[in-house]
Amino acid sequence: MRQEGLLYLLPAAALLLVVLAAPVARLAWLSLQEVEVTPGGGAEFVGLAHFARALADGIFHRSLVTSALFTALSLAAELLLGLGMALILHASFPGRGAVRAAALIPWTLPPAVMAIGWRWIYHDSYGILTAGLVALGLLAPGTTWLGDRHLALAAVIVADVWKTAPFVMLIVLAGLQAVPPELHEAALLDGAGPVRRFTMVTLPYLRPYLALALLFRGVQAFGVFDLVRVLTGGGPGGATRVVALALYDTFYRYLEFGYGAALTLLTLALLGLWAAAMVRAGRSRLDQEAGSR
């Protein structure tokens, strides 16, 4: 049965291979075959020198750290909010369908349009968030959320979490509906309280769904571009310069195509490691038992 299941995945795997193989091969060719003109008028292949430069590039390293911090904080908030929203919307109450549909609205908005809206919210003079906090005495007048290097990244994270927490909620909600009700009934008869039922019954079944949400959102958050580009452009002072902006500048601002290709390949390798870790973490106990038979 396990082998038959893998056969159904072959068409999708072949399509992904075709779609991904050509761009990756092109990037590899650019990173290894770029020719550099020598002072004497000759030419030499740069080859692996691009990768050696990347390992010593402090600006690229800072963008990696910024992206990692953005990803970690965004995922933590999205996981908690998405799980909480899914637990609430999994319960039965009047108008649940309409509330579920409304909760998905932020996720359906185009990132650039949503980012423009958040720029108005964060505006230091007439932004609704700034005005509200100033009126409550919780914020000093004239605070610039996107112009303060200590607040800019947090402001971008809040906007990202607002948009993508419903996506995590949707995946977790699917996992909650897959939990057999009889298991909760048996645990209730054994005297287990709500917290114990959640940790002992619900959470093990949610494990692959949570890993799937972390996989998708981790890749998306680490590669975020349009949201940061519209909100801060990587500023102030490079405080929000994520990896995608660094790659964009390398390709289209500095026109260093070979070096940009090398940076892209290194970023893809890091994302591949993350994906492998999440796939391994997502294997449920039932899957492991089925595979050992």
# chains A, B, ... in the order shown; residues from 1 in each chain; ligands from 1
call {"tool": "residues_around", "arguments": {"residues": "Gly147 in chain A", "least_positions_apart": "6", "cutoff": "10 Å", "atoms": "only C-alpha atoms", "output": "number ranges by chain"}}
result
A: 123-124, 232, 235-237, 239
call {"tool": "closest_atom_pairs", "arguments": {"of": "range 24-102 of chain A", "to": "range 271-281 of chain A", "cutoff": "12 Å", "atoms": "only C-alpha atoms", "output": "CSV"}}
result
residue,atom,partner,partner_atom,distance
A:Leu64,CA,A:Leu271,CA,11.6
A:Ser67,CA,A:Leu271,CA,11.7
A:Ala68,CA,A:Leu271,CA,11.0
A:Thr71,CA,A:Trp274,CA,11.6
call {"tool": "write_last_selection", "arguments": {"atoms": "C-alpha atoms", "output": "PDB file, in the first residue's frame"}}
result
ATOM      1  CA  LEU A  64      20.299  36.132   6.623  1.00  0.00           C
ATOM      2  CA  SER A  67      15.349  36.943   7.624  1.00  0.00           C
ATOM      3  CA  ALA A  68      15.892  34.245  10.254  1.00  0.00           C
ATOM      4  CA  THR A  71      10.825  34.034  10.172  1.00  0.00           C
TER       5      THR A  71
END
call {"tool": "select_by_dssp", "arguments": {"residues": "range 10-226 of chain A", "states": "alpha helix (DSSP H)", "output": "VMD selection string"}}
result
chain A and resid 10 to 33 49 to 55 58 to 90 96 to 103 105 to 108 111 to 122 128 to 135 152 to 177 181 to 189 194 to 197 203 to 222 226
call {"tool": "closest_residue", "arguments": {"among": "A:Leu153, A:Leu89, A:Leu104, A:Val228", "to": "Gln177 in chain A", "atoms": "only C-alpha atoms"}}
result
A:Leu89
call {"tool": "atom_distance", "arguments": {"atom1": "CA of Val230 in chain A", "atom2": "CA of Ala115 in chain A"}}
result
6.1 Å
call {"tool": "residues_around", "arguments": {"residues": "Phe51 in chain A", "least_positions_apart": "5", "cutoff": "9 Å", "atoms": "only C-alpha atoms", "output": "compact mmCIF listing (two decimals) with N, CA and C atoms, in the first residue's frame"}}
result
# COMPACT_ATOMS: atom_id res chain seq x y z
N SER A 31 26.36 31.11 -11.82
CA SER A 31 27.29 31.24 -10.70
C SER A 31 28.66 30.66 -10.99
N ALA A 56 32.03 35.24 2.95
CA ALA A 56 32.70 36.34 3.66
C ALA A 56 31.93 37.66 3.55
N TYR A 259 27.19 36.53 -9.07
CA TYR A 259 27.21 36.53 -7.61
C TYR A 259 25.79 36.39 -7.05
N ALA A 262 24.82 32.80 -7.16
CA ALA A 262 25.45 32.04 -6.07
C ALA A 262 24.72 32.26 -4.75
N LEU A 263 24.34 33.50 -4.47
CA LEU A 263 23.59 33.79 -3.25
C LEU A 263 22.23 33.09 -3.26
N LEU A 266 22.69 29.38 -2.46
CA LEU A 266 22.92 29.17 -1.04
C LEU A 266 21.61 29.31 -0.25
call {"tool": "closest_residue", "arguments": {"among": "A:Gly258, A:Pro11, A:Pro110, A:Pro141", "to": "Ala28 in chain A", "atoms": "only C-alpha atoms"}}
result
A:Gly258
call {"tool": "atom_distance", "arguments": {"atom1": "CA of Phe70 in chain A", "atom2": "CA of Ile121 in chain A"}}
result
20.2 Å
call {"tool": "residues_around", "arguments": {"residues": "range 73-86 of chain A", "least_positions_apart": "4", "cutoff": "9 Å", "atoms": "only C-alpha atoms", "output": "list in words"}}
result
Ala68, Leu69, His90, Ala91, Ala103, Ala154, Ile157, Val158, Asp160, Val161, Trp162, Thr164, Ala165, Pro166, Phe167, Val168, Met169, Leu170, Ile171, Val172, Leu173, Ala174, Leu176, Leu210, Ala213, Leu214, Arg217, Gly218 and Ala221 of chain A
call {"tool": "write_last_selection", "arguments": {"atoms": "N, CA and C atoms", "output": "PDB file, in the first residue's frame"}}
result
ATOM      1  N   ALA A  68      16.098  35.300   9.257  1.00  0.00           N
ATOM      2  CA  ALA A  68      15.892  34.245  10.254  1.00  0.00           C
ATOM      3  C   ALA A  68      15.092  34.765  11.442  1.00  0.00           C
ATOM      4  N   LEU A  69      15.400  35.991  11.895  1.00  0.00           N
ATOM      5  CA  LEU A  69      14.668  36.585  13.012  1.00  0.00           C
ATOM      6  C   LEU A  69      13.222  36.863  12.620  1.00  0.00           C
ATOM      7  N   HIS A  90     -13.466  25.702  15.350  1.00  0.00           N
ATOM      8  CA  HIS A  90     -13.830  24.283  15.253  1.00  0.00           C
ATOM      9  C   HIS A  90     -15.071  23.987  16.087  1.00  0.00           C
ATOM     10  N   ALA A  91     -15.317  24.789  17.106  1.00  0.00           N
ATOM     11  CA  ALA A  91     -16.507  24.604  17.938  1.00  0.00           C
ATOM     12  C   ALA A  91     -17.757  25.024  17.174  1.00  0.00           C
ATOM     13  N   ALA A 103     -12.660  35.350   8.596  1.00  0.00           N
ATOM     14  CA  ALA A 103     -11.309  35.189   9.140  1.00  0.00           C
ATOM     15  C   ALA A 103     -10.275  34.975   8.047  1.00  0.00           C
ATOM     16  N   ALA A 154       9.618  44.921  13.906  1.00  0.00           N
ATOM     17  CA  ALA A 154       8.430  44.479  14.647  1.00  0.00           C
ATOM     18  C   ALA A 154       7.154  44.888  13.919  1.00  0.00           C
ATOM     19  N   ILE A 157       6.607  42.539  11.052  1.00  0.00           N
ATOM     20  CA  ILE A 157       6.182  41.226  11.548  1.00  0.00           C
ATOM     21  C   ILE A 157       4.696  41.236  11.892  1.00  0.00           C
ATOM     22  N   VAL A 158       4.230  42.309  12.547  1.00  0.00           N
ATOM     23  CA  VAL A 158       2.812  42.408  12.889  1.00  0.00           C
ATOM     24  C   VAL A 158       1.952  42.358  11.633  1.00  0.00           C
ATOM     25  N   ASP A 160       2.726  41.020   8.752  1.00  0.00           N
ATOM     26  CA  ASP A 160       2.824  39.684   8.163  1.00  0.00           C
ATOM     27  C   ASP A 160       1.968  38.688   8.930  1.00  0.00           C
ATOM     28  N   VAL A 161       1.999  38.758  10.253  1.00  0.00           N
ATOM     29  CA  VAL A 161       1.200  37.839  11.077  1.00  0.00           C
ATOM     30  C   VAL A 161      -0.286  38.068  10.837  1.00  0.00           C
ATOM     31  N   TRP A 162      -0.695  39.328  10.737  1.00  0.00           N
ATOM     32  CA  TRP A 162      -2.106  39.638  10.484  1.00  0.00           C
ATOM     33  C   TRP A 162      -2.578  39.002   9.182  1.00  0.00           C
ATOM     34  N   THR A 164      -1.112  36.297   7.465  1.00  0.00           N
ATOM     35  CA  THR A 164      -0.875  34.868   7.232  1.00  0.00           C
ATOM     36  C   THR A 164      -1.332  33.948   8.352  1.00  0.00           C
ATOM     37  N   ALA A 165      -1.697  34.486   9.524  1.00  0.00           N
ATOM     38  CA  ALA A 165      -2.225  33.624  10.579  1.00  0.00           C
ATOM     39  C   ALA A 165      -3.476  32.863  10.122  1.00  0.00           C
ATOM     40  N   PRO A 166      -4.371  33.452   9.302  1.00  0.00           N
ATOM     41  CA  PRO A 166      -5.517  32.675   8.817  1.00  0.00           C
ATOM     42  C   PRO A 166      -5.112  31.463   7.977  1.00  0.00           C
ATOM     43  N   PHE A 167      -3.985  31.538   7.287  1.00  0.00           N
ATOM     44  CA  PHE A 167      -3.522  30.380   6.517  1.00  0.00           C
ATOM     45  C   PHE A 167      -3.167  29.228   7.456  1.00  0.00           C
ATOM     46  N   VAL A 168      -2.464  29.536   8.540  1.00  0.00           N
ATOM     47  CA  VAL A 168      -2.151  28.509   9.536  1.00  0.00           C
ATOM     48  C   VAL A 168      -3.433  27.985  10.163  1.00  0.00           C
ATOM     49  N   MET A 169      -4.371  28.881  10.437  1.00  0.00           N
ATOM     50  CA  MET A 169      -5.653  28.473  10.997  1.00  0.00           C
ATOM     51  C   MET A 169      -6.355  27.468  10.092  1.00  0.00           C
ATOM     52  N   LEU A 170      -6.311  27.693   8.783  1.00  0.00           N
ATOM     53  CA  LEU A 170      -6.987  26.818   7.830  1.00  0.00           C
ATOM     54  C   LEU A 170      -6.391  25.413   7.856  1.00  0.00           C
ATOM     55  N   ILE A 171      -5.069  25.321   7.914  1.00  0.00           N
ATOM     56  CA  ILE A 171      -4.420  24.018   7.948  1.00  0.00           C
ATOM     57  C   ILE A 171      -4.712  23.302   9.261  1.00  0.00           C
ATOM     58  N   VAL A 172      -4.624  24.019  10.379  1.00  0.00           N
ATOM     59  CA  VAL A 172      -4.896  23.400  11.682  1.00  0.00           C
ATOM     60  C   VAL A 172      -6.359  22.990  11.787  1.00  0.00           C
ATOM     61  N   LEU A 173      -7.248  23.773  11.213  1.00  0.00           N
ATOM     62  CA  LEU A 173      -8.665  23.433  11.243  1.00  0.00           C
ATOM     63  C   LEU A 173      -8.931  22.126  10.508  1.00  0.00           C
ATOM     64  N   ALA A 174      -8.231  21.922   9.403  1.00  0.00           N
ATOM     65  CA  ALA A 174      -8.348  20.642   8.696  1.00  0.00           C
ATOM     66  C   ALA A 174      -7.853  19.493   9.567  1.00  0.00           C
ATOM     67  N   LEU A 176      -7.899  19.409  12.889  1.00  0.00           N
ATOM     68  CA  LEU A 176      -8.858  19.194  13.973  1.00  0.00           C
ATOM     69  C   LEU A 176     -10.042  18.351  13.507  1.00  0.00           C
ATOM     70  N   LEU A 210       0.676  20.751  11.685  1.00  0.00           N
ATOM     71  CA  LEU A 210       1.508  21.852  12.172  1.00  0.00           C
ATOM     72  C   LEU A 210       2.836  21.911  11.422  1.00  0.00           C
ATOM     73  N   ALA A 213       2.175  23.427   8.052  1.00  0.00           N
ATOM     74  CA  ALA A 213       2.032  24.884   8.150  1.00  0.00           C
ATOM     75  C   ALA A 213       3.384  25.554   8.347  1.00  0.00           C
ATOM     76  N   LEU A 214       4.235  24.977   9.195  1.00  0.00           N
ATOM     77  CA  LEU A 214       5.563  25.544   9.417  1.00  0.00           C
ATOM     78  C   LEU A 214       6.425  25.445   8.164  1.00  0.00           C
ATOM     79  N   ARG A 217       4.894  28.163   5.618  1.00  0.00           N
ATOM     80  CA  ARG A 217       5.081  29.516   6.109  1.00  0.00           C
ATOM     81  C   ARG A 217       6.552  29.842   6.344  1.00  0.00           C
ATOM     82  N   GLY A 218       7.348  28.844   6.716  1.00  0.00           N
ATOM     83  CA  GLY A 218       8.771  29.096   6.894  1.00  0.00           C
ATOM     84  C   GLY A 218       9.439  29.506   5.594  1.00  0.00           C
ATOM     85  N   ALA A 221       8.009  33.019   4.632  1.00  0.00           N
ATOM     86  CA  ALA A 221       8.498  34.103   5.487  1.00  0.00           C
ATOM     87  C   ALA A 221       9.965  34.389   5.233  1.00  0.00           C
TER      88      ALA A 221
END
call {"tool": "closest_residue", "arguments": {"among": "A:Ile105, A:Ala72, A:Leu227, A:Ala112", "to": "Arg241 in chain A", "atoms": "only C-alpha atoms"}}
result
A:Leu227
call {"tool": "closest_residue", "arguments": {"among": "A:Gly238, A:Pro94, A:Pro208, A:Gly175", "to": "Asp148 in chain A", "atoms": "only C-alpha atoms"}}
result
A:Gly238
call {"tool": "closest_residue", "arguments": {"among": "A:Val99, A:Ala178, A:Val19, A:Ala186", "to": "Tyr209 in chain A", "atoms": "only C-alpha atoms"}}
result
A:Ala178
call {"tool": "atom_distance", "arguments": {"atom1": "CA of Ala155 in chain A", "atom2": "CA of Tyr122 in chain A"}}
result
8.1 Å
call {"tool": "decode", "arguments": {"residues": "range 156-244 of chain A", "atoms": "C-alpha atoms", "output": "PDB file, in the first residue's frame"}}
result
ATOM      1  CA  VAL A 156       6.600  44.422   9.505  1.00  0.00           C
ATOM      2  CA  ILE A 157       6.182  41.226  11.548  1.00  0.00           C
ATOM      3  CA  VAL A 158       2.812  42.408  12.889  1.00  0.00           C
ATOM      4  CA  ALA A 159       1.585  43.087   9.354  1.00  0.00           C
ATOM      5  CA  ASP A 160       2.824  39.684   8.163  1.00  0.00           C
ATOM      6  CA  VAL A 161       1.200  37.839  11.077  1.00  0.00           C
ATOM      7  CA  TRP A 162      -2.106  39.638  10.484  1.00  0.00           C
ATOM      8  CA  LYS A 163      -2.124  38.445   6.889  1.00  0.00           C
ATOM      9  CA  THR A 164      -0.875  34.868   7.232  1.00  0.00           C
ATOM     10  CA  ALA A 165      -2.225  33.624  10.579  1.00  0.00           C
ATOM     11  CA  PRO A 166      -5.517  32.675   8.817  1.00  0.00           C
ATOM     12  CA  PHE A 167      -3.522  30.380   6.517  1.00  0.00           C
ATOM     13  CA  VAL A 168      -2.151  28.509   9.536  1.00  0.00           C
ATOM     14  CA  MET A 169      -5.653  28.473  10.997  1.00  0.00           C
ATOM     15  CA  LEU A 170      -6.987  26.818   7.830  1.00  0.00           C
ATOM     16  CA  ILE A 171      -4.420  24.018   7.948  1.00  0.00           C
ATOM     17  CA  VAL A 172      -4.896  23.400  11.682  1.00  0.00           C
ATOM     18  CA  LEU A 173      -8.665  23.433  11.243  1.00  0.00           C
ATOM     19  CA  ALA A 174      -8.348  20.642   8.696  1.00  0.00           C
ATOM     20  CA  GLY A 175      -6.284  18.701  11.212  1.00  0.00           C
ATOM     21  CA  LEU A 176      -8.858  19.194  13.973  1.00  0.00           C
ATOM     22  CA  GLN A 177     -11.578  17.776  11.755  1.00  0.00           C
ATOM     23  CA  ALA A 178      -9.446  14.654  11.203  1.00  0.00           C
ATOM     24  CA  VAL A 179      -9.292  13.795  14.929  1.00  0.00           C
ATOM     25  CA  PRO A 180     -11.664  10.843  15.656  1.00  0.00           C
ATOM     26  CA  PRO A 181     -14.397  12.056  18.051  1.00  0.00           C
ATOM     27  CA  GLU A 182     -14.457   8.708  19.850  1.00  0.00           C
ATOM     28  CA  LEU A 183     -10.955   9.348  21.170  1.00  0.00           C
ATOM     29  CA  HIS A 184     -12.129  12.494  22.931  1.00  0.00           C
ATOM     30  CA  GLU A 185     -15.132  10.628  24.275  1.00  0.00           C
ATOM     31  CA  ALA A 186     -12.903   7.859  25.655  1.00  0.00           C
ATOM     32  CA  ALA A 187     -10.537  10.384  27.237  1.00  0.00           C
ATOM     33  CA  LEU A 188     -13.501  12.214  28.766  1.00  0.00           C
ATOM     34  CA  LEU A 189     -14.759   8.978  30.290  1.00  0.00           C
ATOM     35  CA  ASP A 190     -11.311   8.408  31.762  1.00  0.00           C
ATOM     36  CA  GLY A 191     -11.590  11.746  33.540  1.00  0.00           C
ATOM     37  CA  ALA A 192      -9.211  13.739  31.346  1.00  0.00           C
ATOM     38  CA  GLY A 193      -9.705  17.502  31.435  1.00  0.00           C
ATOM     39  CA  PRO A 194      -9.622  19.854  28.426  1.00  0.00           C
ATOM     40  CA  VAL A 195      -5.872  20.497  28.640  1.00  0.00           C
ATOM     41  CA  ARG A 196      -5.023  16.817  28.976  1.00  0.00           C
ATOM     42  CA  ARG A 197      -7.342  15.873  26.118  1.00  0.00           C
ATOM     43  CA  PHE A 198      -5.685  18.475  23.931  1.00  0.00           C
ATOM     44  CA  THR A 199      -2.120  17.377  24.729  1.00  0.00           C
ATOM     45  CA  MET A 200      -2.756  13.618  24.689  1.00  0.00           C
ATOM     46  CA  VAL A 201      -5.366  13.276  21.928  1.00  0.00           C
ATOM     47  CA  THR A 202      -5.544  16.346  19.693  1.00  0.00           C
ATOM     48  CA  LEU A 203      -1.924  17.449  19.523  1.00  0.00           C
ATOM     49  CA  PRO A 204      -0.489  14.115  18.255  1.00  0.00           C
ATOM     50  CA  TYR A 205      -2.959  14.175  15.359  1.00  0.00           C
ATOM     51  CA  LEU A 206      -2.135  17.797  14.630  1.00  0.00           C
ATOM     52  CA  ARG A 207       1.595  17.120  14.395  1.00  0.00           C
ATOM     53  CA  PRO A 208       1.761  16.597  10.595  1.00  0.00           C
ATOM     54  CA  TYR A 209      -0.564  19.548   9.996  1.00  0.00           C
ATOM     55  CA  LEU A 210       1.508  21.852  12.172  1.00  0.00           C
ATOM     56  CA  ALA A 211       4.666  20.704  10.400  1.00  0.00           C
ATOM     57  CA  LEU A 212       3.008  21.382   7.037  1.00  0.00           C
ATOM     58  CA  ALA A 213       2.032  24.884   8.150  1.00  0.00           C
ATOM     59  CA  LEU A 214       5.563  25.544   9.417  1.00  0.00           C
ATOM     60  CA  LEU A 215       7.020  24.216   6.167  1.00  0.00           C
ATOM     61  CA  PHE A 216       4.954  26.455   3.905  1.00  0.00           C
ATOM     62  CA  ARG A 217       5.081  29.516   6.109  1.00  0.00           C
ATOM     63  CA  GLY A 218       8.771  29.096   6.894  1.00  0.00           C
ATOM     64  CA  VAL A 219       9.679  29.134   3.209  1.00  0.00           C
ATOM     65  CA  GLN A 220       7.352  32.053   2.494  1.00  0.00           C
ATOM     66  CA  ALA A 221       8.498  34.103   5.487  1.00  0.00           C
ATOM     67  CA  PHE A 222      12.186  33.560   4.781  1.00  0.00           C
ATOM     68  CA  GLY A 223      11.639  34.682   1.192  1.00  0.00           C
ATOM     69  CA  VAL A 224       9.378  37.647   1.982  1.00  0.00           C
ATOM     70  CA  PHE A 225       9.877  40.496  -0.470  1.00  0.00           C
ATOM     71  CA  ASP A 226       6.841  42.559  -1.477  1.00  0.00           C
ATOM     72  CA  LEU A 227       5.674  43.286   2.069  1.00  0.00           C
ATOM     73  CA  VAL A 228       9.088  44.593   3.167  1.00  0.00           C
ATOM     74  CA  ARG A 229       9.671  46.341  -0.133  1.00  0.00           C
ATOM     75  CA  VAL A 230       6.473  48.385   0.166  1.00  0.00           C
ATOM     76  CA  LEU A 231       6.605  49.058   3.910  1.00  0.00           C
ATOM     77  CA  THR A 232      10.270  49.931   4.509  1.00  0.00           C
ATOM     78  CA  GLY A 233      12.316  49.165   1.393  1.00  0.00           C
ATOM     79  CA  GLY A 234      14.811  47.432   3.678  1.00  0.00           C
ATOM     80  CA  GLY A 235      15.359  50.448   5.927  1.00  0.00           C
ATOM     81  CA  PRO A 236      15.901  52.249   8.106  1.00  0.00           C
ATOM     82  CA  GLY A 237      19.629  51.678   7.955  1.00  0.00           C
ATOM     83  CA  GLY A 238      19.195  48.129   6.681  1.00  0.00           C
ATOM     84  CA  ALA A 239      17.213  47.064   9.770  1.00  0.00           C
ATOM     85  CA  THR A 240      14.643  45.243   7.619  1.00  0.00           C
ATOM     86  CA  ARG A 241      16.886  44.240   4.713  1.00  0.00           C
ATOM     87  CA  VAL A 242      15.888  40.614   4.297  1.00  0.00           C
ATOM     88  CA  VAL A 243      17.484  38.058   1.987  1.00  0.00           C
ATOM     89  CA  ALA A 244      15.057  38.636  -0.878  1.00  0.00           C
TER      90      ALA A 244
END
